[in-house]
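Just below is one structure, and these are the notes that go with it.
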There are 2 protein chains.
Amino acid sequence: MLNKQQILKKRPIGFPETDTWALESKEVPELKEGEVLIEQHYVSLDPAMRGWLNDVKSYIPPVGIGDVMRAGSVGKVIKANNHPFLKEGQSVSGGGGVQQYVVTDGKGWFPVDTNIAPMPLYLSTLGMPGMTAYFGILEVGKLKEGDTVLVSGAAGAVGSVVGQVAKIKGCRVVGIAGGPKKCKYLLDELGFDAAIDYKNEDVKAGIKEHFPKGIDVYFDNVGGEILDAALTRLRRHARIVICGAISQYNNKTEVKGPSNYLSLLVNRASMTGMVVFDYADRYQEAAMQMGQWIMQGKLKSREDIYDGIENFYPTFERLFNGDKMGKLVLKVKDE
Amino acid sequence: MLNKQQILKKRPIGFPETDTWALESKEVPELKEGEVLIEQHYVSLDPAMRGWLNDVKSYIPPVGIGDVMRAGSVGKVIKANNHPFLKEGQSVSGGGGVQQYVVTDGKGWFPVDTNIAPMPLYLSTLGMPGMTAYFGILEVGKLKEGDTVLVSGAAGAVGSVVGQVAKIKGCRVVGIAGGPKKCKYLLDELGFDAAIDYKNEDVKAGIKEHFPKGIDVYFDNVGGEILDAALTRLRRHARIVICGAISQYNNKTEVKGPSNYLSLLVNRASMTGMVVFDYADRYQEAAMQMGQWIMQGKLKSREDIYDGIENFYPTFERLFNGDKMGKLVLKVKDE
């Protein structure tokens with residue numbers, strides 16, 4: 001049986017080009033004792049992928065040249081050779097990479113219940129982006145009832161959950177997103193209090209208008225000019241959560257540092273980085289809480305699903321050109 | 001009786017020029033009921049003064065054009081008109097500004113004991129710089145025994161106390177200062193473990209050498225390239241205390257933001273601003289602790305004292321050109 005895989009071919013400088021990856025086929029190996037064969041259905045596409053291509057010291061080693069592209073995934077166990085806890089027919093989620101099949105001893109994989117939520121949701125709100133949002137806003141952002149909250153990348157997989165969790169917790173929430181369609185989604189579907197369209201509005205003026213008394217928590221997914229604009233409007237003891245910097249990931253030059261960082265001093269504010277893996281022992285707690293909110297209709301999720309492992313590159317481009325709504329997912333096999 | 005005063009004449013762009021202030025004389029007014037007349041002996045010169053000249057929203061309003069230049073000071077009460085707690089002959093410290101005499105109702109002034117320490121020490125280790133260092137490293141920096149600590153502006157009034165307090169608390173301490181004389185002072189007098197001479201060494205290489213396992217706490221007084229270098233070498237959960245950014249205060253262009261701020265994300269680290277006034281209700285506690293350390297010979301202090309209110313400007317220049325050792329003080333009257 002052949003396994004189609006997206007293989008990393010070279011390290012990009014700036015935005016990855018079409019030949020960064022190549023689709024290759026490889027025979028699926030025989031299962032050893034204690035291994036399972038997983039047929040993957042959905043692969044997660046995340047901005048963090050861009051960072052994994054750089055050969056630098058980071059929170060995780062880079063993807064090796066010649067290796068399958070790293071990605072979160074959901075699939076089904078189709079064969080098990082005396083595995084201690086995974087069984088044939090079971091739906092599972094893990095870091096399966098951009099490929100059709102995975103042979104594994106099960107490390108890093110866990111069962112998911114498709115009666116509670118469809119598979120793709122385990123890559124969005126009930127997966128890493130949801131966990132990132134949950135622990136980022138509650139733990140790192142130290143969210144309190146009544147806080148004024150600004151979130152960038154607000155229509156994305158992380159930002160949309162950040163904003164909704166903050167609303168559930170009794171905060172005033174303003175989102176920054178690109179284009180009227182996404183802003184309408186924030187207001188009409190997700191219940192944000194206000195939205196700023198960075199493609200068509202002056203972000204700094206928008207922040208000033210919507211935060212007359214300043215920002216308590218800014219959840220930053222984008223960096224660059226928007227981070228600098230948020231810094232001009234901090235309230236005393238404000239917290240900035242540094243979750244990502246999508247505006248800077250494809251830079252060919254130096255990252256733009258926040259020129260207004262001395263606002264941290266004036267406002268006795270903090271800027272704290274986070275990596276979701278640190279909360280691994282509490283994922284279950286977060287998933288249960290968010291599952292409950294989803295069932296109560298308080299937490300909405302949208303997945304933007306594209307089809308076919310051969311379409312990995314054009315789908316990856318959507319991560320950065322803004323042409324997506326919600327969590328970007330690549331379907332590699334019908335359920 | 002005439003009172004010589006340094007009056008702010010204009011708002012500088014970049015480094016203040018000689019005509020930023022002018023020395024003027026004004027008759028000392030009669031005391032009203034409940035007021036005291038203070039004869040000032042020492043005036044504090046601090047990098048923060050540069051910020052007070054800018055007409056921007058900050059943690060304190062700017063000094064007004066035509067007003068006496070703001071400054072901390074120490075002096076003696078030479079006349080009291082039924083003041084509730086200040087008496088003639090008492091030594092006091094407060095925000096007297098750059099002038100010879102102050103008439104005040106006593107708000108913001110407190111008695112100092114010149115038997116415990118000489119007057120200038122109440123502008124350095126037992127004054128605002130000492131308080132800034134104490135609360136900055138212990139509270140904002142959340143210092144723990146065994147931490148590796150980097151401090152910039154290490155030979156200055158704040159930095160020298162930061163490093164010594166960290167040594168007292170059982171940390172490994174490396175200081176960054178300008179020139180071999182200051183570095184020798186850190187090592188030989190203050191007991192730092194290592195020193196990096198930013199004028200003659202590669203700071204990034206020095207940090208790498210002295211922090212093989214990374215930095216737990218970086219206390220930043222300078223900003224700019226040095227902050228960026230420190231960011232490249234953070235340990236997981238590192239804390240950066242943003243106390244100042246002397247390298248940026250006289251910029252005519254935009255402040256240089258820290259390009260390497262995404263190291264906060266990778267290392268789950270934080271960058272937090274501080275203003276010492278927030279700890280006003282605990283100054284006494286800190287002064288008692290530091291007074292004890294001074295008497296035990298564990299905490300050393302050096303004041304660099306220049307003479308004459310007319311020499312305010314050339315003394316002010318020393319704040320930024322590095323030509324000083326320890327706390328910069330202007331004597332306006334012999335004791």
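Going by the structure tokens order, chains are called A, B, ..., each with residues numbered from 1, while ligands are numbered from 1 in the order shown.
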| field | Members of segment 28-138 of chain A assigned strand (DSSP E or B) by DSSP, as a list in words | value | Val36, Leu37, Ile38, Glu39, Gln40, His41, Tyr42, Val43, Ser44, Val68, Ser73, Val74, Gly75, Lys76, Val77, Ile78, Lys79, Ala80, Ser91, Val92, Ser93, Gly94, Gln99, Tyr101, Val102, Val103, Thr104, Phe110 and Pro111 of chain A
Generate the output file for the selected residues, N, CA and C atoms, as a compact mmCIF listing (two decimals), in the first residue's frame.
```txt
# COMPACT_ATOMS: atom_id res chain seq x y z
N VAL A 36 0.37 0.48 15.51
CA VAL A 36 -0.91 0.60 14.80
C VAL A 36 -0.68 1.29 13.46
N LEU A 37 -1.63 1.06 12.55
CA LEU A 37 -1.64 1.79 11.28
C LEU A 37 -2.83 2.74 11.31
N ILE A 38 -2.54 4.00 11.13
CA ILE A 38 -3.60 5.02 11.14
C ILE A 38 -3.81 5.54 9.73
N GLU A 39 -5.08 5.55 9.31
CA GLU A 39 -5.42 6.20 8.05
C GLU A 39 -5.88 7.61 8.39
N GLN A 40 -5.19 8.60 7.85
CA GLN A 40 -5.49 9.98 8.22
C GLN A 40 -6.64 10.54 7.39
N HIS A 41 -7.49 11.32 8.03
CA HIS A 41 -8.59 11.99 7.33
C HIS A 41 -8.37 13.49 7.18
N TYR A 42 -7.92 14.12 8.25
CA TYR A 42 -7.75 15.58 8.22
C TYR A 42 -6.38 15.96 8.77
N VAL A 43 -5.78 16.93 8.09
CA VAL A 43 -4.48 17.44 8.51
C VAL A 43 -4.65 18.92 8.85
N SER A 44 -4.02 19.35 9.92
CA SER A 44 -4.15 20.72 10.41
C SER A 44 -3.10 21.62 9.76
N VAL A 68 8.78 14.02 6.38
CA VAL A 68 7.38 14.37 6.16
C VAL A 68 7.10 15.68 6.90
N SER A 73 -3.10 16.07 13.17
CA SER A 73 -3.99 15.32 12.27
C SER A 73 -5.02 14.53 13.05
N VAL A 74 -6.05 14.10 12.32
CA VAL A 74 -7.06 13.20 12.89
C VAL A 74 -7.27 12.07 11.89
N GLY A 75 -7.41 10.88 12.40
CA GLY A 75 -7.62 9.75 11.51
C GLY A 75 -8.24 8.58 12.26
N LYS A 76 -8.12 7.42 11.63
CA LYS A 76 -8.74 6.23 12.22
C LYS A 76 -7.72 5.10 12.23
N VAL A 77 -7.71 4.34 13.31
CA VAL A 77 -6.84 3.17 13.37
C VAL A 77 -7.45 2.11 12.46
N ILE A 78 -6.69 1.69 11.44
CA ILE A 78 -7.25 0.66 10.56
C ILE A 78 -6.60 -0.70 10.79
N LYS A 79 -5.52 -0.72 11.53
CA LYS A 79 -4.91 -1.99 11.88
C LYS A 79 -4.15 -1.82 13.18
N ALA A 80 -4.26 -2.81 14.08
CA ALA A 80 -3.52 -2.72 15.35
C ALA A 80 -2.86 -4.06 15.61
N SER A 91 -11.17 6.35 16.34
CA SER A 91 -10.73 7.65 15.82
C SER A 91 -9.69 8.23 16.77
N VAL A 92 -8.64 8.77 16.20
CA VAL A 92 -7.53 9.26 17.02
C VAL A 92 -7.00 10.58 16.47
N SER A 93 -6.36 11.34 17.36
CA SER A 93 -5.71 12.57 16.94
C SER A 93 -4.27 12.58 17.44
N GLY A 94 -3.40 13.17 16.66
CA GLY A 94 -1.99 13.23 17.03
C GLY A 94 -1.23 14.09 16.04
N GLN A 99 0.52 13.48 5.45
CA GLN A 99 0.62 12.21 4.72
C GLN A 99 -0.69 11.44 4.91
N TYR A 101 -0.99 7.96 5.58
CA TYR A 101 -0.96 6.88 6.58
C TYR A 101 0.18 7.10 7.57
N VAL A 102 -0.03 6.61 8.78
CA VAL A 102 1.01 6.69 9.80
C VAL A 102 1.12 5.33 10.49
N VAL A 103 2.33 4.84 10.62
CA VAL A 103 2.59 3.67 11.46
C VAL A 103 3.26 4.18 12.72
N THR A 104 2.69 3.84 13.87
CA THR A 104 3.18 4.43 15.12
C THR A 104 2.99 3.47 16.29
N PHE A 110 -4.04 10.22 20.79
CA PHE A 110 -5.09 9.95 21.78
C PHE A 110 -6.42 9.77 21.08
N PRO A 111 -7.32 8.95 21.66
CA PRO A 111 -8.62 8.70 21.04
C PRO A 111 -9.49 9.96 21.08
```
Superposition output for chain A against chain B, all Cα paired in order, as a short mmCIF file (atom, residue, chain, number, x, y, z; two decimals) with C-alpha atoms, in the first residue's frame:
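The result, written out as selection.cif:
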```
data_model
loop_
_atom_site.label_atom_id
_atom_site.label_comp_id
_atom_site.auth_asym_id
_atom_site.auth_seq_id
_atom_site.Cartn_x
_atom_site.Cartn_y
_atom_site.Cartn_z
CA MET A 1 16.58 86.09 50.27
CA LEU A 2 17.18 84.98 46.68
CA ASN A 3 16.61 81.43 45.47
CA LYS A 4 18.63 80.28 42.46
CA GLN A 5 16.63 77.92 40.28
CA GLN A 6 17.17 75.96 37.08
CA ILE A 7 14.10 76.79 34.99
CA LEU A 8 12.95 74.71 32.01
CA LYS A 9 12.93 77.02 29.00
CA LYS A 10 12.03 74.76 26.11
CA ARG A 11 11.30 71.17 25.13
CA PRO A 12 14.39 69.57 23.62
CA ILE A 13 14.36 67.34 20.55
CA GLY A 14 17.10 64.76 20.94
CA PHE A 15 19.80 65.63 23.46
CA PRO A 16 19.00 68.80 25.45
CA GLU A 17 21.09 71.81 24.49
CA THR A 18 22.59 74.36 26.86
CA ASP A 19 19.60 76.69 26.53
CA THR A 20 17.09 74.01 27.59
CA TRP A 21 17.35 75.40 31.11
CA ALA A 22 18.28 78.82 32.46
CA LEU A 23 19.51 79.74 35.92
CA GLU A 24 17.22 82.38 37.41
CA SER A 25 16.83 83.97 40.82
CA LYS A 26 13.60 84.54 42.62
CA GLU A 27 12.77 85.97 46.03
CA VAL A 28 11.90 83.27 48.60
CA PRO A 29 8.30 83.93 49.72
CA GLU A 30 7.17 84.38 53.31
CA LEU A 31 6.07 81.20 55.10
CA LYS A 32 2.36 80.70 55.58
CA GLU A 33 0.94 78.88 58.57
CA GLY A 34 1.91 75.19 58.40
CA GLU A 35 4.74 75.72 55.91
CA VAL A 36 8.48 75.15 56.17
CA LEU A 37 11.50 76.60 54.40
CA ILE A 38 14.01 73.99 53.30
CA GLU A 39 17.57 74.81 52.37
CA GLN A 40 18.66 72.20 49.85
CA HIS A 41 22.08 70.57 49.97
CA TYR A 42 22.01 67.87 47.31
CA VAL A 43 19.98 67.44 44.16
CA SER A 44 19.58 64.09 42.42
CA LEU A 45 20.34 63.73 38.71
CA ASP A 46 18.64 60.77 37.09
CA PRO A 47 18.16 59.50 33.52
CA ALA A 48 14.39 59.68 34.06
CA MET A 49 14.75 63.49 33.95
CA ARG A 50 15.07 63.28 30.18
CA GLY A 51 11.61 61.72 29.92
CA TRP A 52 10.08 64.45 32.10
CA LEU A 53 10.98 67.01 29.42
CA ASN A 54 8.73 65.44 26.77
CA ASP A 55 5.18 66.65 26.44
CA VAL A 56 3.68 63.17 26.30
CA LYS A 57 1.40 61.11 28.50
CA SER A 58 3.59 59.13 30.86
CA TYR A 59 3.65 57.93 34.45
CA ILE A 60 4.09 61.54 35.60
CA PRO A 61 3.18 64.85 33.88
CA PRO A 62 6.01 66.62 32.06
CA VAL A 63 7.83 69.53 33.69
CA GLY A 64 6.14 72.74 32.55
CA ILE A 65 7.95 75.39 30.55
CA GLY A 66 8.87 78.10 33.05
CA ASP A 67 8.84 75.66 35.97
CA VAL A 68 11.74 74.68 38.21
CA MET A 69 13.34 71.47 36.88
CA ARG A 70 11.98 68.50 38.79
CA ALA A 71 14.52 66.54 40.90
CA GLY A 72 14.78 64.55 44.07
CA SER A 73 16.71 66.37 46.80
CA VAL A 74 17.96 66.39 50.37
CA GLY A 75 18.17 69.43 52.58
CA LYS A 76 17.50 70.89 55.98
CA VAL A 77 14.49 72.66 57.40
CA ILE A 78 15.74 76.13 58.30
CA LYS A 79 12.42 77.66 59.24
CA ALA A 80 9.07 76.14 60.27
CA ASN A 81 5.78 77.96 60.77
CA ASN A 82 3.81 75.62 63.02
CA HIS A 83 4.38 72.58 60.81
CA PRO A 84 2.71 69.42 62.15
CA PHE A 85 5.76 67.14 61.81
CA LEU A 86 8.77 69.00 60.37
CA LYS A 87 10.98 70.99 62.70
CA GLU A 88 13.80 73.48 62.30
CA GLY A 89 17.17 71.76 61.94
CA GLN A 90 15.68 68.53 60.64
CA SER A 91 17.22 66.86 57.59
CA VAL A 92 14.62 65.95 55.00
CA SER A 93 14.32 64.40 51.57
CA GLY A 94 11.72 65.03 48.90
CA GLY A 95 11.20 66.27 45.39
CA GLY A 96 12.67 69.72 45.85
CA GLY A 97 13.75 70.36 42.27
CA VAL A 98 16.93 71.98 41.00
CA GLN A 99 16.95 75.03 43.24
CA GLN A 100 18.46 76.27 46.48
CA TYR A 101 15.38 76.75 48.62
CA VAL A 102 11.92 75.23 48.83
CA VAL A 103 8.85 76.53 50.62
CA THR A 104 6.42 73.67 51.16
CA ASP A 105 3.59 72.34 53.30
CA GLY A 106 5.72 69.20 53.61
CA LYS A 107 3.76 67.01 51.24
CA GLY A 108 6.12 64.42 49.72
CA TRP A 109 8.90 65.24 52.20
CA PHE A 110 10.14 62.93 54.91
CA PRO A 111 12.82 63.19 57.62
CA VAL A 112 16.13 61.39 57.05
CA ASP A 113 18.59 60.36 59.72
CA THR A 114 22.10 61.57 58.87
CA ASN A 115 23.48 59.52 61.75
CA ILE A 116 22.64 56.36 59.81
CA ALA A 117 23.92 57.55 56.45
CA PRO A 118 25.23 60.78 54.92
CA MET A 119 22.76 62.95 53.01
CA PRO A 120 23.70 61.90 49.45
CA LEU A 121 22.92 58.25 50.25
CA TYR A 122 19.28 59.26 50.59
CA LEU A 123 19.38 60.10 46.89
CA SER A 124 21.04 56.80 45.95
CA THR A 125 20.74 53.48 47.71
CA LEU A 126 18.36 54.76 50.40
CA GLY A 127 16.45 56.87 47.88
CA MET A 128 14.56 56.31 44.64
CA PRO A 129 17.34 54.42 42.77
CA GLY A 130 17.75 51.99 45.67
CA MET A 131 13.98 51.50 45.97
CA THR A 132 13.74 50.94 42.22
CA ALA A 133 16.46 48.32 42.36
CA TYR A 134 15.07 46.57 45.42
CA PHE A 135 11.46 46.23 44.26
CA GLY A 136 12.45 45.81 40.63
CA ILE A 137 14.66 42.80 41.13
CA LEU A 138 12.76 41.18 44.01
CA GLU A 139 9.13 41.86 43.10
CA VAL A 140 9.01 42.45 39.35
CA GLY A 141 11.96 40.15 38.61
CA LYS A 142 10.65 37.52 41.05
CA LEU A 143 14.24 36.72 42.00
CA LYS A 144 14.93 33.26 43.37
CA GLU A 145 18.07 31.87 44.95
CA GLY A 146 20.30 30.33 42.31
CA ASP A 147 18.98 32.47 39.46
CA THR A 148 21.40 33.73 36.83
CA VAL A 149 21.04 37.49 36.64
CA LEU A 150 22.14 40.00 34.00
CA VAL A 151 21.95 43.72 34.69
CA SER A 152 22.74 46.58 32.33
CA GLY A 153 23.79 50.03 33.50
CA ALA A 154 25.37 47.91 36.21
CA ALA A 155 27.70 50.56 37.64
CA GLY A 156 24.88 53.08 37.91
CA ALA A 157 22.75 53.98 40.90
CA VAL A 158 20.05 51.39 40.17
CA GLY A 159 22.10 48.66 38.48
CA SER A 160 24.76 48.50 41.20
CA VAL A 161 22.10 47.87 43.85
CA VAL A 162 20.26 45.33 41.65
CA GLY A 163 23.44 43.29 41.27
CA GLN A 164 24.40 43.43 44.93
CA VAL A 165 20.90 42.48 46.11
CA ALA A 166 20.98 39.53 43.71
CA LYS A 167 24.36 38.46 45.12
CA ILE A 168 23.01 38.74 48.67
CA LYS A 169 20.13 36.49 47.57
CA GLY A 170 22.50 33.81 46.31
CA CYS A 171 22.41 34.44 42.58
CA ARG A 172 25.10 34.49 39.92
CA VAL A 173 25.35 38.08 38.67
CA VAL A 174 26.84 39.53 35.50
CA GLY A 175 26.89 43.27 34.89
CA ILE A 176 27.17 45.28 31.70
CA ALA A 177 28.93 48.64 32.01
CA GLY A 178 30.95 51.03 29.87
CA GLY A 179 34.73 50.98 30.18
CA PRO A 180 37.31 48.98 32.14
CA LYS A 181 37.13 51.24 35.21
CA LYS A 182 33.44 50.56 35.77
CA CYS A 183 33.85 46.86 35.05
CA LYS A 184 36.69 46.63 37.55
CA TYR A 185 34.46 48.38 40.09
CA LEU A 186 31.73 45.76 39.56
CA LEU A 187 34.16 42.90 40.08
CA ASP A 188 36.46 44.26 42.78
CA GLU A 189 34.17 46.45 44.84
CA LEU A 190 30.66 45.11 44.34
CA GLY A 191 31.42 41.41 44.06
CA PHE A 192 29.76 40.74 40.69
CA ASP A 193 30.68 37.36 39.18
CA ALA A 194 31.51 38.82 35.79
CA ALA A 195 31.36 42.07 33.87
CA ILE A 196 30.91 42.87 30.19
CA ASP A 197 32.39 46.14 28.91
CA TYR A 198 29.95 47.20 26.19
CA LYS A 199 32.33 49.86 24.92
CA ASN A 200 35.12 47.39 24.24
CA GLU A 201 33.53 43.95 24.00
CA ASP A 202 31.00 42.12 21.87
CA VAL A 203 28.04 42.11 24.27
CA LYS A 204 26.27 39.22 22.57
CA ALA A 205 29.39 37.05 22.74
CA GLY A 206 29.94 38.08 26.36
CA ILE A 207 26.39 37.11 27.32
CA LYS A 208 26.81 33.77 25.56
CA GLU A 209 30.06 33.12 27.40
CA HIS A 210 28.77 34.06 30.85
CA PHE A 211 25.35 32.42 30.54
CA PRO A 212 26.01 28.95 29.14
CA LYS A 213 22.58 27.86 30.40
CA GLY A 214 20.82 31.16 29.78
CA ILE A 215 19.53 34.12 31.75
CA ASP A 216 16.83 33.81 34.42
CA VAL A 217 16.43 37.51 35.11
CA TYR A 218 17.54 40.43 32.95
CA PHE A 219 17.22 43.84 34.58
CA ASP A 220 17.21 46.35 31.75
CA ASN A 221 18.20 49.96 32.25
CA VAL A 222 19.35 50.64 28.71
CA GLY A 223 17.16 49.12 25.95
CA GLY A 224 18.39 49.11 22.35
CA GLU A 225 20.98 46.61 21.14
CA ILE A 226 21.76 45.31 24.62
CA LEU A 227 18.13 44.35 25.28
CA ASP A 228 18.12 42.58 21.92
CA ALA A 229 21.29 40.72 22.81
CA ALA A 230 19.87 39.61 26.17
CA LEU A 231 16.71 38.34 24.46
CA THR A 232 18.77 35.87 22.41
CA ARG A 233 19.89 34.11 25.57
CA LEU A 234 16.83 33.67 27.79
CA ARG A 235 16.24 30.61 29.86
CA ARG A 236 12.78 29.11 30.04
CA HIS A 237 10.42 31.27 32.12
CA ALA A 238 12.95 34.11 32.20
CA ARG A 239 11.83 37.51 33.48
CA ILE A 240 12.94 40.79 31.93
CA VAL A 241 12.43 43.85 34.11
CA ILE A 242 12.00 47.00 32.01
CA CYS A 243 13.26 49.75 34.29
CA GLY A 244 14.60 52.17 31.72
CA ALA A 245 16.04 52.60 28.25
CA ILE A 246 18.80 55.17 28.56
CA SER A 247 20.12 54.33 25.07
CA GLN A 248 16.83 55.55 23.59
CA TYR A 249 15.95 58.64 25.67
CA ASN A 250 17.64 61.17 23.42
CA ASN A 251 16.54 59.62 20.12
CA LYS A 252 15.34 62.00 17.48
CA THR A 253 13.81 59.05 15.64
CA GLU A 254 11.54 56.21 16.73
CA VAL A 255 12.63 54.09 19.69
CA LYS A 256 14.31 50.86 18.57
CA GLY A 257 11.95 48.07 19.54
CA PRO A 258 13.44 44.70 20.56
CA SER A 259 13.58 42.70 17.30
CA ASN A 260 14.18 39.51 19.22
CA TYR A 261 11.02 39.80 21.31
CA LEU A 262 9.70 36.49 19.93
CA SER A 263 12.25 34.87 22.20
CA LEU A 264 9.64 35.60 24.88
CA LEU A 265 7.37 33.11 23.11
CA VAL A 266 9.98 30.42 22.53
CA ASN A 267 11.13 30.63 26.14
CA ARG A 268 7.77 31.32 27.80
CA ALA A 269 9.39 34.44 29.18
CA SER A 270 8.02 37.79 30.24
CA MET A 271 8.97 41.43 29.97
CA THR A 272 7.42 43.67 32.61
CA GLY A 273 7.61 47.39 33.13
CA MET A 274 7.92 49.05 36.52
CA VAL A 275 7.60 52.45 38.13
CA VAL A 276 8.95 52.69 41.66
CA PHE A 277 6.12 54.92 42.94
CA ASP A 278 3.85 51.86 43.05
CA TYR A 279 5.85 50.61 46.03
CA ALA A 280 5.68 53.83 48.06
CA ASP A 281 3.92 52.14 50.96
CA ARG A 282 6.84 49.72 51.28
CA TYR A 283 9.79 52.15 50.95
CA GLN A 284 10.33 52.00 54.71
CA GLU A 285 10.64 48.23 54.68
CA ALA A 286 13.18 48.40 51.84
CA ALA A 287 15.15 51.22 53.45
CA MET A 288 15.43 49.30 56.71
CA GLN A 289 16.59 46.15 54.95
CA MET A 290 19.10 48.00 52.79
CA GLY A 291 20.29 50.12 55.71
CA GLN A 292 21.06 46.88 57.53
CA TRP A 293 22.97 45.48 54.54
CA ILE A 294 24.94 48.73 54.28
CA MET A 295 25.92 48.54 57.96
CA GLN A 296 26.89 44.87 57.51
CA GLY A 297 29.13 45.88 54.61
CA LYS A 298 27.12 43.76 52.17
CA LEU A 299 25.76 46.64 50.15
CA LYS A 300 28.05 49.34 48.85
CA SER A 301 27.15 52.64 47.40
CA ARG A 302 29.08 55.21 45.50
CA GLU A 303 28.00 58.78 44.87
CA ASP A 304 29.60 60.95 42.24
CA ILE A 305 29.11 64.50 43.52
CA TYR A 306 29.55 67.71 41.51
CA ASP A 307 29.34 71.17 42.92
CA GLY A 308 27.20 74.21 42.26
CA ILE A 309 23.67 74.76 41.01
CA GLU A 310 25.11 76.71 38.06
CA ASN A 311 26.74 73.44 36.92
CA PHE A 312 23.48 71.59 36.44
CA TYR A 313 23.80 71.33 32.65
CA PRO A 314 27.36 69.93 32.43
CA THR A 315 26.49 67.52 35.25
CA PHE A 316 23.30 66.46 33.47
CA GLU A 317 25.41 65.63 30.38
CA ARG A 318 27.31 63.05 32.46
CA LEU A 319 24.11 61.03 32.87
CA PHE A 320 24.25 60.14 29.21
CA ASN A 321 27.90 60.30 28.18
CA GLY A 322 28.89 57.73 30.81
CA ASP A 323 31.34 60.07 32.54
CA LYS A 324 30.37 59.27 36.12
CA MET A 325 30.78 56.51 38.69
CA GLY A 326 27.70 55.52 40.68
CA LYS A 327 24.95 57.91 41.64
CA LEU A 328 25.16 61.36 40.09
CA VAL A 329 24.48 64.13 42.61
CA LEU A 330 24.72 67.89 42.42
CA LYS A 331 25.68 69.68 45.62
CA VAL A 332 23.97 73.03 45.82
CA LYS A 333 25.11 73.98 49.34
CA ASP A 334 27.72 72.64 51.78
CA GLU A 335 26.27 70.88 54.81
#
```
| Taking the backbone alone, and naming residues the way the document does, which bits of segment 173-263 of chain A are alpha helix (DSSP H) by DSSP, as a ChimeraX atom specification? | /A:180-184,203-210,224-231,263
